[in-house]
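Structure data (PDB, C-alpha atoms, pLDDT in the B column) from start17.pdb:
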```pdb
MODEL        1
ATOM      1  CA  MET U  19      47.044 -15.027   9.135  1.00 93.00           C
ATOM      2  CA  LYS U  20      44.348 -12.496   8.385  1.00 95.00           C
ATOM      3  CA  ILE U  21      44.910  -8.896   9.415  1.00 96.00           C
ATOM      4  CA  ARG U  22      42.226  -6.276   9.501  1.00 97.00           C
ATOM      5  CA  VAL U  23      42.925  -2.556   9.187  1.00 98.00           C
ATOM      6  CA  ASP U  24      40.128  -0.103  10.026  1.00 97.00           C
ATOM      7  CA  VAL U  25      40.575   3.394   8.639  1.00 98.00           C
ATOM      8  CA  MET U  26      38.315   6.184   9.886  1.00 97.00           C
ATOM      9  CA  LEU U  27      38.419   9.943   9.434  1.00 96.00           C
ATOM     10  CA  LYS U  28      39.734  11.710  12.548  1.00 96.00           C
ATOM     11  CA  SER U  29      36.982  13.014  14.775  1.00 91.00           C
ATOM     12  CA  GLY U  30      37.509  16.664  13.898  1.00 92.00           C
ATOM     13  CA  VAL U  31      37.435  16.080  10.145  1.00 96.00           C
ATOM     14  CA  LEU U  32      34.209  16.760   8.242  1.00 95.00           C
ATOM     15  CA  ASP U  33      32.718  13.567   6.827  1.00 96.00           C
ATOM     16  CA  PRO U  34      30.377  14.393   3.919  1.00 96.00           C
ATOM     17  CA  GLN U  35      29.787  10.714   3.099  1.00 96.00           C
ATOM     18  CA  GLY U  36      28.708  10.037   6.668  1.00 97.00           C
ATOM     19  CA  LYS U  37      26.478  13.113   6.633  1.00 97.00           C
ATOM     20  CA  ALA U  38      24.851  11.947   3.391  1.00 97.00           C
ATOM     21  CA  ILE U  39      24.213   8.500   4.841  1.00 98.00           C
ATOM     22  CA  GLY U  40      22.696  10.088   7.966  1.00 97.00           C
ATOM     23  CA  HIS U  41      20.343  12.243   5.905  1.00 97.00           C
ATOM     24  CA  ALA U  42      19.366   9.300   3.711  1.00 98.00           C
ATOM     25  CA  LEU U  43      18.557   7.166   6.776  1.00 97.00           C
ATOM     26  CA  SER U  44      16.399   9.928   8.244  1.00 97.00           C
ATOM     27  CA  ASN U  45      14.625  10.353   4.901  1.00 97.00           C
ATOM     28  CA  LEU U  46      13.944   6.610   4.835  1.00 97.00           C
ATOM     29  CA  GLY U  47      12.047   6.986   8.099  1.00 96.00           C
ATOM     30  CA  PHE U  48      14.680   5.864  10.620  1.00 96.00           C
ATOM     31  CA  GLU U  49      14.374   7.925  13.796  1.00 94.00           C
ATOM     32  CA  GLY U  50      16.946   9.126  16.301  1.00 95.00           C
ATOM     33  CA  ILE U  51      19.875   9.101  13.877  1.00 97.00           C
ATOM     34  CA  GLY U  52      22.778  11.127  15.246  1.00 96.00           C
ATOM     35  CA  ASP U  53      26.290  11.507  13.946  1.00 96.00           C
ATOM     36  CA  VAL U  54      27.254   9.081  11.168  1.00 97.00           C
ATOM     37  CA  ARG U  55      30.866   8.382  10.198  1.00 97.00           C
ATOM     38  CA  ALA U  56      31.943   6.344   7.197  1.00 97.00           C
ATOM     39  CA  GLY U  57      35.254   4.566   6.933  1.00 97.00           C
ATOM     40  CA  LYS U  58      37.149   1.805   5.190  1.00 97.00           C
ATOM     41  CA  VAL U  59      38.127  -1.657   6.252  1.00 97.00           C
ATOM     42  CA  ILE U  60      40.880  -3.642   4.561  1.00 98.00           C
ATOM     43  CA  GLU U  61      41.383  -7.341   5.257  1.00 97.00           C
ATOM     44  CA  ILE U  62      44.801  -8.662   4.289  1.00 97.00           C
ATOM     45  CA  GLU U  63      45.861 -12.294   4.165  1.00 97.00           C
ATOM     46  CA  VAL U  64      49.552 -12.399   5.132  1.00 96.00           C
ATOM     47  CA  ALA U  65      52.072 -15.242   5.126  1.00 96.00           C
ATOM     48  CA  GLU U  66      53.609 -14.051   8.415  1.00 93.00           C
ATOM     49  CA  ILE U  67      52.842 -16.479  11.259  1.00 93.00           C
ATOM     50  CA  ASP U  68      54.166 -14.383  14.149  1.00 95.00           C
ATOM     51  CA  LYS U  69      51.252 -12.301  15.416  1.00 95.00           C
ATOM     52  CA  ALA U  70      53.309  -9.392  16.775  1.00 95.00           C
ATOM     53  CA  LYS U  71      55.324  -9.127  13.551  1.00 95.00           C
ATOM     54  CA  ALA U  72      52.167  -9.285  11.441  1.00 96.00           C
ATOM     55  CA  ILE U  73      50.625  -6.424  13.419  1.00 96.00           C
ATOM     56  CA  GLU U  74      53.862  -4.430  13.185  1.00 96.00           C
ATOM     57  CA  ASN U  75      53.900  -4.963   9.413  1.00 95.00           C
ATOM     58  CA  ALA U  76      50.250  -4.014   9.047  1.00 97.00           C
ATOM     59  CA  LYS U  77      50.909  -0.747  10.889  1.00 97.00           C
ATOM     60  CA  LYS U  78      53.634   0.040   8.361  1.00 97.00           C
ATOM     61  CA  MET U  79      51.226  -0.776   5.508  1.00 97.00           C
ATOM     62  CA  ALA U  80      48.639   1.564   7.010  1.00 98.00           C
ATOM     63  CA  GLU U  81      51.165   4.361   7.436  1.00 97.00           C
ATOM     64  CA  LYS U  82      52.596   3.974   3.939  1.00 96.00           C
ATOM     65  CA  LEU U  83      49.507   3.234   1.874  1.00 97.00           C
ATOM     66  CA  LEU U  84      46.181   2.469   3.530  1.00 97.00           C
ATOM     67  CA  ALA U  85      45.583   5.573   5.628  1.00 97.00           C
ATOM     68  CA  ASN U  86      46.175   9.273   5.097  1.00 97.00           C
ATOM     69  CA  LEU U  87      47.496  10.139   8.539  1.00 97.00           C
ATOM     70  CA  VAL U  88      46.770  13.830   8.092  1.00 97.00           C
ATOM     71  CA  ILE U  89      43.036  13.224   8.192  1.00 97.00           C
ATOM     72  CA  GLU U  90      42.615   9.543   9.089  1.00 97.00           C
ATOM     73  CA  ASP U  91      43.231   7.248  12.045  1.00 97.00           C
ATOM     74  CA  PHE U  92      43.718   3.514  11.702  1.00 98.00           C
ATOM     75  CA  LYS U  93      43.413   0.452  13.902  1.00 97.00           C
ATOM     76  CA  VAL U  94      45.022  -2.917  13.259  1.00 97.00           C
ATOM     77  CA  SER U  95      43.571  -6.187  14.529  1.00 96.00           C
ATOM     78  CA  VAL U  96      44.131  -9.880  13.879  1.00 95.00           C
ATOM     79  CA  LEU U  97      41.147 -11.938  12.682  1.00 89.00           C
TER      80      LEU U  97
ATOM     81  CA  MET L   8      24.355   4.214  21.540  1.00 93.00           C
ATOM     82  CA  LYS L   9      26.873   3.745  18.769  1.00 95.00           C
ATOM     83  CA  ILE L  10      26.217   1.068  16.181  1.00 96.00           C
ATOM     84  CA  ARG L  11      28.778  -0.201  13.732  1.00 97.00           C
ATOM     85  CA  VAL L  12      27.893  -1.766  10.395  1.00 98.00           C
ATOM     86  CA  ASP L  13      30.635  -3.571   8.453  1.00 97.00           C
ATOM     87  CA  VAL L  14      29.936  -4.101   4.777  1.00 98.00           C
ATOM     88  CA  MET L  15      32.171  -6.451   2.787  1.00 97.00           C
ATOM     89  CA  LEU L  16      31.875  -7.897  -0.709  1.00 96.00           C
ATOM     90  CA  LYS L  17      30.699 -11.524  -0.634  1.00 96.00           C
ATOM     91  CA  SER L  18      33.558 -13.978  -0.880  1.00 91.00           C
ATOM     92  CA  GLY L  19      32.800 -15.040  -4.469  1.00 92.00           C
ATOM     93  CA  VAL L  20      32.634 -11.476  -5.785  1.00 96.00           C
ATOM     94  CA  LEU L  21      35.672 -10.006  -7.541  1.00 95.00           C
ATOM     95  CA  ASP L  22      37.195  -7.142  -5.553  1.00 96.00           C
ATOM     96  CA  PRO L  23      39.270  -4.906  -7.862  1.00 96.00           C
ATOM     97  CA  GLN L  24      39.969  -2.365  -5.099  1.00 96.00           C
ATOM     98  CA  GLY L  25      41.325  -5.118  -2.855  1.00 97.00           C
ATOM     99  CA  LYS L  26      43.419  -6.477  -5.734  1.00 97.00           C
ATOM    100  CA  ALA L  27      44.853  -3.014  -6.412  1.00 97.00           C
ATOM    101  CA  ILE L  28      45.746  -2.567  -2.737  1.00 98.00           C
ATOM    102  CA  GLY L  29      47.414  -6.001  -2.720  1.00 97.00           C
ATOM    103  CA  HIS L  30      49.522  -5.160  -5.787  1.00 97.00           C
ATOM    104  CA  ALA L  31      50.463  -1.758  -4.350  1.00 97.00           C
ATOM    105  CA  LEU L  32      51.570  -3.354  -1.063  1.00 97.00           C
ATOM    106  CA  SER L  33      53.713  -5.892  -2.931  1.00 97.00           C
ATOM    107  CA  ASN L  34      55.218  -3.105  -5.043  1.00 97.00           C
ATOM    108  CA  LEU L  35      56.054  -1.188  -1.866  1.00 97.00           C
ATOM    109  CA  GLY L  36      58.151  -4.137  -0.754  1.00 96.00           C
ATOM    110  CA  PHE L  37      55.804  -5.896   1.648  1.00 96.00           C
ATOM    111  CA  GLU L  38      56.235  -9.652   1.366  1.00 94.00           C
ATOM    112  CA  GLY L  39      53.817 -12.529   1.740  1.00 95.00           C
ATOM    113  CA  ILE L  40      50.727 -10.531   0.815  1.00 97.00           C
ATOM    114  CA  GLY L  41      47.847 -12.849  -0.061  1.00 96.00           C
ATOM    115  CA  ASP L  42      44.222 -12.062  -0.781  1.00 96.00           C
ATOM    116  CA  VAL L  43      43.164  -8.500   0.063  1.00 97.00           C
ATOM    117  CA  ARG L  44      39.529  -7.459   0.476  1.00 97.00           C
ATOM    118  CA  ALA L  45      38.319  -3.898   0.855  1.00 97.00           C
ATOM    119  CA  GLY L  46      35.063  -2.959   2.536  1.00 97.00           C
ATOM    120  CA  LYS L  47      33.165  -0.180   4.231  1.00 97.00           C
ATOM    121  CA  VAL L  48      32.429   0.549   7.833  1.00 97.00           C
ATOM    122  CA  ILE L  49      29.648   2.869   8.947  1.00 98.00           C
ATOM    123  CA  GLU L  50      29.361   4.060  12.555  1.00 97.00           C
ATOM    124  CA  ILE L  51      25.944   5.398  13.480  1.00 97.00           C
ATOM    125  CA  GLU L  52      25.034   7.232  16.678  1.00 97.00           C
ATOM    126  CA  VAL L  53      21.443   6.279  17.495  1.00 96.00           C
ATOM    127  CA  ALA L  54      19.058   7.565  20.178  1.00 96.00           C
ATOM    128  CA  GLU L  55      17.706   4.049  20.849  1.00 93.00           C
ATOM    129  CA  ILE L  56      18.787   2.791  24.277  1.00 93.00           C
ATOM    130  CA  ASP L  57      17.608  -0.810  23.943  1.00 95.00           C
ATOM    131  CA  LYS L  58      20.509  -2.788  22.518  1.00 95.00           C
ATOM    132  CA  ALA L  59      18.430  -5.486  20.817  1.00 95.00           C
ATOM    133  CA  LYS L  60      16.171  -2.910  19.172  1.00 95.00           C
ATOM    134  CA  ALA L  61      19.155  -0.842  18.047  1.00 96.00           C
ATOM    135  CA  ILE L  62      20.708  -3.901  16.390  1.00 96.00           C
ATOM    136  CA  GLU L  63      17.398  -4.816  14.787  1.00 96.00           C
ATOM    137  CA  ASN L  64      17.103  -1.268  13.425  1.00 95.00           C
ATOM    138  CA  ALA L  65      20.664  -1.249  12.151  1.00 97.00           C
ATOM    139  CA  LYS L  66      20.003  -4.481  10.254  1.00 97.00           C
ATOM    140  CA  LYS L  67      17.071  -2.789   8.538  1.00 97.00           C
ATOM    141  CA  MET L  68      19.286   0.201   7.687  1.00 97.00           C
ATOM    142  CA  ALA L  69      21.880  -2.118   6.179  1.00 98.00           C
ATOM    143  CA  GLU L  70      19.277  -3.987   4.137  1.00 97.00           C
ATOM    144  CA  LYS L  71      17.612  -0.815   2.886  1.00 96.00           C
ATOM    145  CA  LEU L  72      20.559   1.482   2.300  1.00 97.00           C
ATOM    146  CA  LEU L  73      24.021   0.569   3.509  1.00 97.00           C
ATOM    147  CA  ALA L  74      24.639  -2.769   1.782  1.00 97.00           C
ATOM    148  CA  ASN L  75      23.851  -4.132  -1.647  1.00 97.00           C
ATOM    149  CA  LEU L  76      22.757  -7.625  -0.627  1.00 97.00           C
ATOM    150  CA  VAL L  77      23.291  -9.006  -4.127  1.00 97.00           C
ATOM    151  CA  ILE L  78      27.046  -8.615  -3.831  1.00 97.00           C
ATOM    152  CA  GLU L  79      27.691  -7.583  -0.214  1.00 97.00           C
ATOM    153  CA  ASP L  80      27.390  -9.071   3.266  1.00 97.00           C
ATOM    154  CA  PHE L  81      27.024  -6.967   6.387  1.00 98.00           C
ATOM    155  CA  LYS L  82      27.630  -7.385  10.096  1.00 97.00           C
ATOM    156  CA  VAL L  83      26.133  -5.244  12.852  1.00 97.00           C
ATOM    157  CA  SER L  84      27.811  -4.677  16.199  1.00 96.00           C
ATOM    158  CA  VAL L  85      27.377  -2.331  19.152  1.00 95.00           C
ATOM    159  CA  LEU L  86      30.330  -0.151  20.135  1.00 89.00           C
TER     160      LEU L  86
ENDMDL
END
```

So, in terms of structure tokens, how does the structure I just supplied come out?
Amino acid sequence: MKIRVDVMLKSGVLDPQGKAIGHALSNLGFEGIGDVRAGKVIEIEVAEIDKAKAIENAKKMAEKLLANLVIEDFKVSVL
Amino acid sequence: MKIRVDVMLKSGVLDPQGKAIGHALSNLGFEGIGDVRAGKVIEIEVAEIDKAKAIENAKKMAEKLLANLVIEDFKVSVL
């Protein structure tokens, strides 16, 4: 089963990478660019066949390793 | 309108970051970890209100700036 974990900075946290991307897009001539946020996505192939258990496990992975919960939120989904 | 661009390494391209995450997860005691791929996600707030045009625009942004099409694939979606 393939699990996907999306990790984004929390909404209140300054995102310099997103800001830089926004400026670069405007400089390239794209109009109407507002707030830009950059994040990570991690796709994990797991042996687990029970969907609920796989999601539960992926949440633990996110909490332990993939996301910094002080500044980041994560979302787990099954592909 | 909020547009989301997912950028992942193409399947044939070596992904050292994904490999490192996979090893770290195994070392942390998670079992049955297979292939791990790491990618980027960029969420862009755009002024465009026409969905088709916004997607079209976002594809251009990905081709010009957000993705390196030699080694990366991208996917555009509307949030």

Can you check which parts of chain L lie within 12 Å of range 33-50 of chain U? Per residue, the shortest pair of atoms and distance in Å to one decimal, counting all atoms listed in the file, sorted by chain and number, as JSON lines.
```
{"residue": "L:Met8", "atom": "CA", "partner": "U:Gly50", "partner_atom": "CA", "distance": 10.3}
{"residue": "L:Lys9", "atom": "CA", "partner": "U:Gly50", "partner_atom": "CA", "distance": 11.6}
{"residue": "L:Lys47", "atom": "CA", "partner": "U:Gly36", "partner_atom": "CA", "distance": 11.4}
{"residue": "L:Val48", "atom": "CA", "partner": "U:Gly36", "partner_atom": "CA", "distance": 10.3}
{"residue": "L:Ile49", "atom": "CA", "partner": "U:Gly36", "partner_atom": "CA", "distance": 7.6}
{"residue": "L:Glu50", "atom": "CA", "partner": "U:Gly36", "partner_atom": "CA", "distance": 8.4}
{"residue": "L:Ile51", "atom": "CA", "partner": "U:Gly40", "partner_atom": "CA", "distance": 7.9}
{"residue": "L:Glu52", "atom": "CA", "partner": "U:Gly50", "partner_atom": "CA", "distance": 8.3}
{"residue": "L:Val53", "atom": "CA", "partner": "U:Gly50", "partner_atom": "CA", "distance": 5.5}
{"residue": "L:Ala54", "atom": "CA", "partner": "U:Gly50", "partner_atom": "CA", "distance": 4.7}
{"residue": "L:Glu55", "atom": "CA", "partner": "U:Gly50", "partner_atom": "CA", "distance": 6.9}
{"residue": "L:Ile56", "atom": "CA", "partner": "U:Gly50", "partner_atom": "CA", "distance": 10.4}
{"residue": "L:Ala61", "atom": "CA", "partner": "U:Gly50", "partner_atom": "CA", "distance": 10.4}
{"residue": "L:Glu63", "atom": "CA", "partner": "U:Phe48", "partner_atom": "CA", "distance": 11.8}
{"residue": "L:Asn64", "atom": "CA", "partner": "U:Phe48", "partner_atom": "CA", "distance": 8.0}
{"residue": "L:Ala65", "atom": "CA", "partner": "U:Phe48", "partner_atom": "CA", "distance": 9.4}
{"residue": "L:Lys66", "atom": "CA", "partner": "U:Phe48", "partner_atom": "CA", "distance": 11.6}
{"residue": "L:Lys67", "atom": "CA", "partner": "U:Phe48", "partner_atom": "CA", "distance": 9.2}
{"residue": "L:Met68", "atom": "CA", "partner": "U:Leu43", "partner_atom": "CA", "distance": 7.1}
{"residue": "L:Ala69", "atom": "CA", "partner": "U:Leu43", "partner_atom": "CA", "distance": 9.9}
{"residue": "L:Glu70", "atom": "CA", "partner": "U:Leu43", "partner_atom": "CA", "distance": 11.5}
{"residue": "L:Lys71", "atom": "CA", "partner": "U:Leu46", "partner_atom": "CA", "distance": 8.5}
{"residue": "L:Leu72", "atom": "CA", "partner": "U:Leu43", "partner_atom": "CA", "distance": 7.5}
{"residue": "L:Leu73", "atom": "CA", "partner": "U:Ile39", "partner_atom": "CA", "distance": 8.0}
{"residue": "L:Ala74", "atom": "CA", "partner": "U:Ile39", "partner_atom": "CA", "distance": 11.7}
```

Generate the output file for the selected residues, C-alpha atoms, as a PDB file, in the frame of the given file.
```
ATOM      1  CA  MET L   8      24.355   4.214  21.540  1.00 93.00           C
ATOM      2  CA  LYS L   9      26.873   3.745  18.769  1.00 95.00           C
ATOM      3  CA  LYS L  47      33.165  -0.180   4.231  1.00 97.00           C
ATOM      4  CA  VAL L  48      32.429   0.549   7.833  1.00 97.00           C
ATOM      5  CA  ILE L  49      29.648   2.869   8.947  1.00 98.00           C
ATOM      6  CA  GLU L  50      29.361   4.060  12.555  1.00 97.00           C
ATOM      7  CA  ILE L  51      25.944   5.398  13.480  1.00 97.00           C
ATOM      8  CA  GLU L  52      25.034   7.232  16.678  1.00 97.00           C
ATOM      9  CA  VAL L  53      21.443   6.279  17.495  1.00 96.00           C
ATOM     10  CA  ALA L  54      19.058   7.565  20.178  1.00 96.00           C
ATOM     11  CA  GLU L  55      17.706   4.049  20.849  1.00 93.00           C
ATOM     12  CA  ILE L  56      18.787   2.791  24.277  1.00 93.00           C
ATOM     13  CA  ALA L  61      19.155  -0.842  18.047  1.00 96.00           C
ATOM     14  CA  GLU L  63      17.398  -4.816  14.787  1.00 96.00           C
ATOM     15  CA  ASN L  64      17.103  -1.268  13.425  1.00 95.00           C
ATOM     16  CA  ALA L  65      20.664  -1.249  12.151  1.00 97.00           C
ATOM     17  CA  LYS L  66      20.003  -4.481  10.254  1.00 97.00           C
ATOM     18  CA  LYS L  67      17.071  -2.789   8.538  1.00 97.00           C
ATOM     19  CA  MET L  68      19.286   0.201   7.687  1.00 97.00           C
ATOM     20  CA  ALA L  69      21.880  -2.118   6.179  1.00 98.00           C
ATOM     21  CA  GLU L  70      19.277  -3.987   4.137  1.00 97.00           C
ATOM     22  CA  LYS L  71      17.612  -0.815   2.886  1.00 96.00           C
ATOM     23  CA  LEU L  72      20.559   1.482   2.300  1.00 97.00           C
ATOM     24  CA  LEU L  73      24.021   0.569   3.509  1.00 97.00           C
ATOM     25  CA  ALA L  74      24.639  -2.769   1.782  1.00 97.00           C
TER      26      ALA L  74
END
```

So what do you get for CA of Val25 in chain U versus CA of Ala59 in chain L, distance-wise? 26.8 Å

Calculated over only C-alpha atoms, which of the candidates L:Val43, L:Met15, L:Ile62, L:Val20 has the smallest distance to Ser84 in chain L? L:Ile62

Using all atoms of range 85-94 of chain U that appear in the file, construct an axis-aligned enclosing box with 8 Å of padding on every side and provide its centre coordinates and edge lengths in Å, rounded to one decimal, as JSON.
```
{"center_x": 45.1, "center_y": 5.5, "center_z": 9.5, "size_x": 20.9, "size_y": 32.7, "size_z": 24.8}
```

Quick one, how far is CA of Leu16 in chain L from CA of Gly41 in chain L? 16.7 Å

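CA of Gly46 in chain L sits 14.8 Å away from CA of Val77 in chain L.
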
Please evaluate the PyMOL selection byres ((chain L and resi 79) around 6) against the structure above and give the resulting residues as a compact mmCIF listing (two decimals) with C-alpha atoms, keeping the file's coordinate frame.
```
# COMPACT_ATOMS: atom_id res chain seq x y z
CA MET L 15 32.17 -6.45 2.79
CA LEU L 16 31.88 -7.90 -0.71
CA LYS L 17 30.70 -11.52 -0.63
CA ASN L 75 23.85 -4.13 -1.65
CA LEU L 76 22.76 -7.62 -0.63
CA ILE L 78 27.05 -8.62 -3.83
CA ASP L 80 27.39 -9.07 3.27
```

For a quick check of understanding, using all atoms listed in the file, which of L:Arg44, L:Lys58, L:Lys82, L:Arg11 has the smallest distance to chain U? L:Arg44
